[in-house]
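To be precise, the following lines are final-v1.txt, and they hold compact mmCIF, N, CA and C atoms.
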```txt
# COMPACT_ATOMS: atom_id res chain seq x y z
N ASP A 30 75.99 -233.52 -74.93
CA ASP A 30 77.10 -234.34 -75.37
C ASP A 30 77.94 -233.56 -76.38
N ILE A 31 79.24 -233.56 -76.16
CA ILE A 31 80.17 -232.93 -77.10
C ILE A 31 80.79 -234.05 -77.94
N PRO A 32 80.43 -234.16 -79.23
CA PRO A 32 81.00 -235.22 -80.07
C PRO A 32 82.51 -235.08 -80.19
N ASP A 33 83.19 -236.21 -80.31
CA ASP A 33 84.66 -236.22 -80.41
C ASP A 33 85.17 -235.29 -81.50
N ASP A 34 84.51 -235.30 -82.65
CA ASP A 34 84.95 -234.47 -83.79
C ASP A 34 84.69 -232.98 -83.59
N ASP A 35 83.83 -232.62 -82.64
CA ASP A 35 83.48 -231.21 -82.43
C ASP A 35 84.21 -230.55 -81.27
N TYR A 36 85.09 -231.29 -80.59
CA TYR A 36 85.74 -230.74 -79.40
C TYR A 36 86.49 -229.44 -79.69
N GLY A 37 87.23 -229.37 -80.77
CA GLY A 37 88.03 -228.17 -81.08
C GLY A 37 87.18 -226.93 -81.27
N VAL A 38 86.14 -227.04 -82.06
CA VAL A 38 85.25 -225.90 -82.31
C VAL A 38 84.54 -225.51 -81.02
N TRP A 39 84.09 -226.52 -80.26
CA TRP A 39 83.41 -226.25 -79.00
C TRP A 39 84.37 -225.58 -78.01
N TYR A 40 85.61 -226.05 -77.93
CA TYR A 40 86.61 -225.47 -77.02
C TYR A 40 86.80 -223.97 -77.31
N VAL A 41 86.94 -223.61 -78.58
CA VAL A 41 87.11 -222.21 -78.96
C VAL A 41 85.90 -221.39 -78.52
N ASP A 42 84.70 -221.93 -78.72
CA ASP A 42 83.49 -221.21 -78.33
C ASP A 42 83.44 -220.99 -76.81
N VAL A 43 83.78 -222.02 -76.05
CA VAL A 43 83.76 -221.89 -74.58
C VAL A 43 84.80 -220.87 -74.11
N MET A 44 85.98 -220.90 -74.70
CA MET A 44 87.02 -219.96 -74.28
C MET A 44 86.68 -218.52 -74.69
N ASP A 45 86.02 -218.35 -75.83
CA ASP A 45 85.63 -217.00 -76.29
C ASP A 45 84.42 -216.47 -75.53
N TYR A 46 83.50 -217.35 -75.16
CA TYR A 46 82.24 -216.94 -74.53
C TYR A 46 81.95 -217.79 -73.30
N PRO A 47 82.80 -217.71 -72.26
CA PRO A 47 82.60 -218.57 -71.08
C PRO A 47 81.26 -218.35 -70.40
N ASP A 48 80.74 -217.13 -70.41
CA ASP A 48 79.45 -216.87 -69.75
C ASP A 48 78.30 -217.60 -70.43
N ARG A 49 78.42 -217.82 -71.73
CA ARG A 49 77.38 -218.54 -72.49
C ARG A 49 77.24 -219.98 -71.98
N TRP A 50 78.34 -220.53 -71.48
CA TRP A 50 78.36 -221.93 -71.05
C TRP A 50 78.25 -222.11 -69.55
N ALA A 51 78.32 -221.03 -68.79
CA ALA A 51 78.26 -221.12 -67.32
C ALA A 51 76.96 -221.80 -66.88
N GLY A 52 77.12 -222.79 -66.01
CA GLY A 52 75.97 -223.51 -65.47
C GLY A 52 75.51 -224.68 -66.32
N LYS A 53 76.07 -224.84 -67.52
CA LYS A 53 75.67 -225.94 -68.40
C LYS A 53 76.42 -227.22 -68.03
N THR A 54 75.77 -228.34 -68.22
CA THR A 54 76.38 -229.65 -68.00
C THR A 54 76.78 -230.22 -69.35
N VAL A 55 78.01 -230.74 -69.42
CA VAL A 55 78.54 -231.29 -70.66
C VAL A 55 79.07 -232.70 -70.41
N HIS A 56 79.11 -233.49 -71.47
CA HIS A 56 79.64 -234.85 -71.39
C HIS A 56 80.54 -235.06 -72.60
N MET A 57 81.76 -235.60 -72.36
CA MET A 57 82.70 -235.82 -73.46
C MET A 57 83.80 -236.77 -73.03
N LYS A 58 84.58 -237.20 -74.01
CA LYS A 58 85.73 -238.07 -73.77
C LYS A 58 86.99 -237.21 -73.89
N LEU A 59 87.79 -237.20 -72.81
CA LEU A 59 88.99 -236.36 -72.78
C LEU A 59 90.17 -237.10 -72.18
N LEU A 60 91.35 -236.59 -72.46
CA LEU A 60 92.58 -237.08 -71.87
C LEU A 60 92.80 -236.31 -70.58
N MET A 61 92.92 -237.02 -69.46
CA MET A 61 93.11 -236.37 -68.16
C MET A 61 94.60 -236.24 -67.89
N CYS A 62 95.05 -235.02 -67.66
CA CYS A 62 96.45 -234.76 -67.34
C CYS A 62 96.54 -233.95 -66.06
N HIS A 63 97.67 -234.05 -65.41
CA HIS A 63 97.94 -233.26 -64.21
C HIS A 63 98.82 -232.08 -64.63
N SER A 64 98.61 -230.93 -64.02
CA SER A 64 99.42 -229.77 -64.32
C SER A 64 100.76 -229.87 -63.59
N LYS A 65 101.84 -229.76 -64.34
CA LYS A 65 103.16 -229.75 -63.71
C LYS A 65 103.44 -228.39 -63.08
N LYS A 66 102.85 -227.35 -63.67
CA LYS A 66 103.05 -225.99 -63.18
C LYS A 66 102.26 -225.75 -61.90
N TYR A 67 101.06 -226.39 -61.79
CA TYR A 67 100.19 -226.19 -60.64
C TYR A 67 99.84 -227.56 -60.04
N PRO A 68 100.66 -228.06 -59.11
CA PRO A 68 100.41 -229.37 -58.52
C PRO A 68 99.00 -229.45 -57.93
N GLY A 69 98.36 -230.61 -58.13
CA GLY A 69 97.01 -230.82 -57.63
C GLY A 69 95.93 -230.34 -58.59
N THR A 70 96.34 -229.71 -59.70
CA THR A 70 95.38 -229.23 -60.69
C THR A 70 95.29 -230.26 -61.81
N HIS A 71 94.07 -230.57 -62.20
CA HIS A 71 93.84 -231.53 -63.26
C HIS A 71 93.33 -230.80 -64.49
N CYS A 72 93.81 -231.22 -65.64
CA CYS A 72 93.52 -230.52 -66.89
C CYS A 72 93.03 -231.49 -67.96
N PRO A 73 91.73 -231.74 -68.03
CA PRO A 73 91.23 -232.60 -69.10
C PRO A 73 91.21 -231.85 -70.42
N GLY A 74 91.63 -232.52 -71.49
CA GLY A 74 91.65 -231.87 -72.79
C GLY A 74 92.04 -232.83 -73.89
N ARG A 75 92.45 -232.27 -75.01
CA ARG A 75 92.86 -233.04 -76.17
C ARG A 75 94.03 -232.33 -76.85
N PHE A 76 94.83 -233.09 -77.57
CA PHE A 76 95.89 -232.49 -78.38
C PHE A 76 95.27 -232.03 -79.69
N ALA A 77 95.68 -230.83 -80.13
CA ALA A 77 95.09 -230.24 -81.33
C ALA A 77 96.17 -229.81 -82.31
N MET A 78 95.87 -229.99 -83.59
CA MET A 78 96.76 -229.55 -84.65
C MET A 78 96.02 -228.50 -85.48
N VAL A 79 96.49 -227.26 -85.43
CA VAL A 79 95.85 -226.18 -86.16
C VAL A 79 96.33 -226.16 -87.61
N CYS A 80 97.62 -226.29 -87.79
CA CYS A 80 98.20 -226.14 -89.13
C CYS A 80 98.99 -227.37 -89.54
N CYS A 81 100.00 -227.71 -88.75
CA CYS A 81 100.88 -228.82 -89.11
C CYS A 81 101.36 -229.51 -87.83
N ALA A 82 102.07 -230.61 -87.99
CA ALA A 82 102.51 -231.40 -86.83
C ALA A 82 103.39 -230.61 -85.87
N ASP A 83 104.08 -229.58 -86.36
CA ASP A 83 104.95 -228.77 -85.50
C ASP A 83 104.18 -227.90 -84.52
N ASP A 84 102.88 -227.69 -84.75
CA ASP A 84 102.13 -226.79 -83.86
C ASP A 84 101.13 -227.53 -82.96
N ILE A 85 101.30 -228.83 -82.77
CA ILE A 85 100.38 -229.58 -81.90
C ILE A 85 100.49 -229.05 -80.48
N SER A 86 99.33 -228.73 -79.90
CA SER A 86 99.26 -228.20 -78.53
C SER A 86 98.16 -228.91 -77.77
N PHE A 87 98.31 -228.95 -76.46
CA PHE A 87 97.28 -229.53 -75.60
C PHE A 87 96.30 -228.43 -75.25
N ILE A 88 95.04 -228.56 -75.66
CA ILE A 88 94.02 -227.56 -75.34
C ILE A 88 93.11 -228.19 -74.27
N ALA A 89 93.10 -227.56 -73.12
CA ALA A 89 92.46 -228.17 -71.96
C ALA A 89 91.80 -227.13 -71.07
N PHE A 90 91.14 -227.62 -70.06
CA PHE A 90 90.49 -226.78 -69.06
C PHE A 90 91.06 -227.09 -67.69
N TYR A 91 90.97 -226.14 -66.78
CA TYR A 91 91.18 -226.45 -65.38
C TYR A 91 89.96 -227.24 -64.94
N ALA A 92 90.18 -228.22 -64.05
CA ALA A 92 89.06 -229.03 -63.59
C ALA A 92 89.13 -229.24 -62.09
N VAL A 93 87.97 -229.37 -61.50
CA VAL A 93 87.83 -229.66 -60.08
C VAL A 93 87.08 -230.98 -59.97
N MET A 94 87.64 -231.90 -59.17
CA MET A 94 86.99 -233.19 -58.99
C MET A 94 87.37 -233.75 -57.63
N ASP A 95 86.39 -234.17 -56.86
CA ASP A 95 86.66 -234.77 -55.56
C ASP A 95 87.53 -236.01 -55.73
N LYS A 96 88.54 -236.13 -54.88
CA LYS A 96 89.43 -237.29 -54.84
C LYS A 96 90.10 -237.57 -56.18
N ALA A 97 90.34 -236.54 -56.97
CA ALA A 97 90.92 -236.71 -58.31
C ALA A 97 92.26 -237.42 -58.26
N SER A 98 93.12 -237.06 -57.28
CA SER A 98 94.45 -237.67 -57.26
C SER A 98 94.39 -239.18 -56.99
N GLU A 99 93.31 -239.63 -56.37
CA GLU A 99 93.16 -241.06 -56.12
C GLU A 99 92.61 -241.79 -57.35
N ILE A 100 91.92 -241.07 -58.22
CA ILE A 100 91.22 -241.69 -59.35
C ILE A 100 91.98 -241.53 -60.66
N VAL A 101 92.53 -240.34 -60.89
CA VAL A 101 93.12 -240.02 -62.19
C VAL A 101 94.59 -240.39 -62.20
N THR A 102 94.97 -241.21 -63.18
CA THR A 102 96.38 -241.50 -63.37
C THR A 102 96.88 -240.55 -64.46
N GLU A 103 98.18 -240.35 -64.50
CA GLU A 103 98.75 -239.43 -65.49
C GLU A 103 98.37 -239.88 -66.89
N GLU A 104 97.83 -238.97 -67.65
CA GLU A 104 97.46 -239.19 -69.04
C GLU A 104 96.56 -240.40 -69.22
N SER A 105 95.40 -240.38 -68.56
CA SER A 105 94.42 -241.44 -68.75
C SER A 105 93.18 -240.86 -69.43
N TRP A 106 92.58 -241.64 -70.32
CA TRP A 106 91.37 -241.22 -71.02
C TRP A 106 90.16 -241.50 -70.14
N ALA A 107 89.17 -240.59 -70.23
CA ALA A 107 87.97 -240.77 -69.42
C ALA A 107 86.76 -240.14 -70.10
N ASN A 108 85.62 -240.77 -69.86
CA ASN A 108 84.34 -240.13 -70.17
C ASN A 108 84.01 -239.29 -68.95
N ILE A 109 83.80 -238.01 -69.16
CA ILE A 109 83.48 -237.14 -68.02
C ILE A 109 82.16 -236.41 -68.26
N THR A 110 81.51 -236.13 -67.17
CA THR A 110 80.36 -235.23 -67.15
C THR A 110 80.77 -234.12 -66.21
N ALA A 111 80.56 -232.89 -66.61
CA ALA A 111 80.99 -231.75 -65.79
C ALA A 111 80.03 -230.59 -65.94
N VAL A 112 79.95 -229.80 -64.88
CA VAL A 112 79.22 -228.54 -64.92
C VAL A 112 80.25 -227.45 -65.11
N ILE A 113 79.99 -226.55 -66.04
CA ILE A 113 80.93 -225.46 -66.32
C ILE A 113 80.61 -224.27 -65.41
N HIS A 114 81.63 -223.81 -64.71
CA HIS A 114 81.53 -222.60 -63.89
C HIS A 114 82.47 -221.57 -64.50
N THR A 115 82.14 -220.32 -64.35
CA THR A 115 83.02 -219.24 -64.81
C THR A 115 83.61 -218.57 -63.58
N GLU A 116 84.95 -218.55 -63.51
CA GLU A 116 85.64 -217.99 -62.35
C GLU A 116 86.81 -217.15 -62.82
N TYR A 117 87.17 -216.16 -62.01
CA TYR A 117 88.32 -215.32 -62.34
C TYR A 117 89.59 -216.17 -62.23
N ASP A 118 90.45 -216.02 -63.22
CA ASP A 118 91.72 -216.73 -63.22
C ASP A 118 92.83 -215.75 -63.60
N LYS A 119 93.83 -215.60 -62.72
CA LYS A 119 94.88 -214.62 -62.99
C LYS A 119 95.72 -214.99 -64.21
N GLU A 120 95.93 -216.29 -64.46
CA GLU A 120 96.69 -216.71 -65.64
C GLU A 120 95.94 -216.38 -66.93
N PHE A 121 94.63 -216.47 -66.86
CA PHE A 121 93.76 -216.20 -68.01
C PHE A 121 93.50 -214.70 -68.16
N HIS A 122 93.78 -213.95 -67.09
CA HIS A 122 93.55 -212.50 -67.04
C HIS A 122 92.07 -212.16 -67.20
N GLY A 123 91.24 -212.94 -66.54
CA GLY A 123 89.80 -212.68 -66.61
C GLY A 123 89.03 -213.93 -66.25
N ASP A 124 87.74 -213.89 -66.56
CA ASP A 124 86.89 -215.05 -66.27
C ASP A 124 87.23 -216.20 -67.20
N ALA A 125 87.36 -217.37 -66.62
CA ALA A 125 87.71 -218.57 -67.38
C ALA A 125 86.73 -219.69 -67.05
N PRO A 126 86.49 -220.56 -68.01
CA PRO A 126 85.63 -221.71 -67.73
C PRO A 126 86.40 -222.75 -66.92
N ILE A 127 85.77 -223.25 -65.87
CA ILE A 127 86.34 -224.30 -65.02
C ILE A 127 85.36 -225.47 -65.05
N LEU A 128 85.86 -226.67 -65.29
CA LEU A 128 85.00 -227.85 -65.30
C LEU A 128 84.92 -228.43 -63.89
N TYR A 129 83.72 -228.55 -63.36
CA TYR A 129 83.49 -229.24 -62.09
C TYR A 129 82.96 -230.62 -62.45
N ILE A 130 83.85 -231.61 -62.37
CA ILE A 130 83.53 -232.95 -62.83
C ILE A 130 82.61 -233.65 -61.82
N THR A 131 81.47 -234.11 -62.33
CA THR A 131 80.49 -234.81 -61.49
C THR A 131 80.50 -236.31 -61.73
N GLU A 132 80.91 -236.73 -62.93
CA GLU A 132 81.01 -238.16 -63.25
C GLU A 132 82.30 -238.40 -64.02
N PHE A 133 82.96 -239.51 -63.69
CA PHE A 133 84.26 -239.84 -64.28
C PHE A 133 84.32 -241.35 -64.47
N ALA A 134 84.59 -241.79 -65.71
CA ALA A 134 84.73 -243.21 -65.97
C ALA A 134 85.89 -243.42 -66.94
N PRO A 135 86.92 -244.16 -66.52
CA PRO A 135 88.03 -244.44 -67.43
C PRO A 135 87.51 -245.10 -68.71
N CYS A 136 88.18 -244.82 -69.83
CA CYS A 136 87.75 -245.39 -71.10
C CYS A 136 88.97 -245.59 -72.00
N GLU A 137 88.75 -246.25 -73.11
CA GLU A 137 89.79 -246.46 -74.10
C GLU A 137 90.09 -245.14 -74.82
N PRO A 138 91.33 -244.94 -75.27
CA PRO A 138 91.65 -243.73 -76.05
C PRO A 138 90.87 -243.71 -77.36
N LEU A 139 90.70 -242.52 -77.90
CA LEU A 139 90.07 -242.38 -79.21
C LEU A 139 90.99 -242.98 -80.27
N LYS A 140 90.41 -243.50 -81.35
CA LYS A 140 91.24 -244.04 -82.44
C LYS A 140 92.09 -242.94 -83.05
N ASP A 141 91.49 -241.78 -83.27
CA ASP A 141 92.23 -240.61 -83.73
C ASP A 141 92.12 -239.57 -82.63
N ASP A 142 93.16 -239.46 -81.83
CA ASP A 142 93.07 -238.61 -80.64
C ASP A 142 93.40 -237.14 -80.89
N LEU A 143 93.75 -236.77 -82.11
CA LEU A 143 94.05 -235.36 -82.43
C LEU A 143 92.78 -234.61 -82.79
N VAL A 144 92.73 -233.35 -82.40
CA VAL A 144 91.67 -232.44 -82.81
C VAL A 144 92.19 -231.66 -84.03
N TYR A 145 91.35 -231.54 -85.03
CA TYR A 145 91.73 -230.79 -86.24
C TYR A 145 90.77 -229.62 -86.41
N PHE A 146 91.27 -228.52 -86.94
CA PHE A 146 90.45 -227.35 -87.20
C PHE A 146 90.35 -227.19 -88.72
N ARG A 147 89.52 -227.99 -89.34
CA ARG A 147 89.36 -227.90 -90.79
C ARG A 147 87.93 -227.60 -91.14
```
What does the file become when written as structure tokens?
Amino acid sequence: DIPDDDYGVWYVDVMDYPDRWAGKTVHMKLLMCHSKKYPGTHCPGRFAMVCCADDISFIAFYAVMDKASEIVTEESWANITAVIHTEYDKEFHGDAPILYITEFAPCEPLKDDLVYFR
């Protein structure tokens, strides 16, 4: 289980060391979004503020899920369980973590939906 307050630190660790997480199963609450740049690609993640409100960014993963377009609505919150795979990604210029979602359940948004790095 990835606690809501630990998502930012965990995200950095997964992106820095994807092989460490390959094959592991994780469970967390994320905002499900669709990629506008890559139709059919789903990107679960959270909005993060590193310094100030001007630098808020969406930090997310590529995700694979059967029948995702039938289940996921634009910007819906969900409890997900996923297995992390490491695959080559040309945009990432190397191996990147990909979430293979095995369980998906819509849920209420977090009270504080921003990730902070403090």
From the options A:Ala51, A:Ala107, A:Val93, A:Cys72, which residue's atoms come nearest to A:Pro138, counting only N, CA and C atoms?
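Using only N, CA and C atoms, the shortest distance to A:Pro138 belongs to A:Ala107.
Separating atom N of A:Asp142 from atom N of A:Ala111 is a distance of 20.8 Å.
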Near A:Ile127, counting all atoms listed in the file, which residues have an atom at most 8 Å away, once you skip same-chain residues fewer than 6 positions from it, shown as an MDAnalysis selection string?
chainID A and resid 47 51 90:93 111:116
Two-atom distance - atom C of A:Gly123, atom C of A:Met94 (Å):
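Value for the atom C of A:Gly123-atom C of A:Met94 distance: 21.7 Å.
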Between atom C of A:Asp34 and atom N of A:Ala82, distance in Å (one decimal):
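These two atoms are separated by 18.1 Å.
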Which of chain A fall in helix (DSSP H, G or I), as a ChimeraX atom specification:
/A:33-45,47-50,82-84,97-100
Is it possible to get the residues within 8 Å of (88.0, -231.0, -73.8) (coordinates as in the file, counting only N, CA and C atoms) written as a PyMOL selection string?
chain A and resi 36-37+39-40+57-60+72-75+88-90
Measuring between only N, CA and C atoms, which one of A:Phe146, A:His71, A:Thr131, A:Ala125 shows the shortest distance to A:Met44?
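Closest to A:Met44, using only N, CA and C atoms: A:Ala125.
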Neighbouring residues of A:Leu143 were defined as those with any atom within 7 Å, considering all atoms listed in the file; residues of the same chain fewer than 6 positions away were excluded. Please report them as number ranges by chain.
A: 75-78
Counting all atoms listed in the file, which of A:Thr110, A:Tyr145, A:Gly52, A:Lys119 gets nearest to A:Phe133?
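Using all atoms listed in the file, A:Phe133 sits closest to A:Thr110.
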Just list the residues in chain A DSSP gives strand (DSSP E) on the backbone, as a PyMOL selection string.
chain A and resi 54-63+71-78+86-89+91-93+105-118+123-135+143-145
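Remark: for A:Asp95, the closest of the candidate residues A:Glu132, A:Asp42, A:Asp33, A:Asp48 is A:Glu132 (distances computed over only C-alpha atoms).
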Please determine, counting only C-alpha atoms, which residue among A:Lys66, A:Thr54, A:Val144, A:Glu137 has the shortest atom-to-atom distance to A:Ser105.
A:Glu137
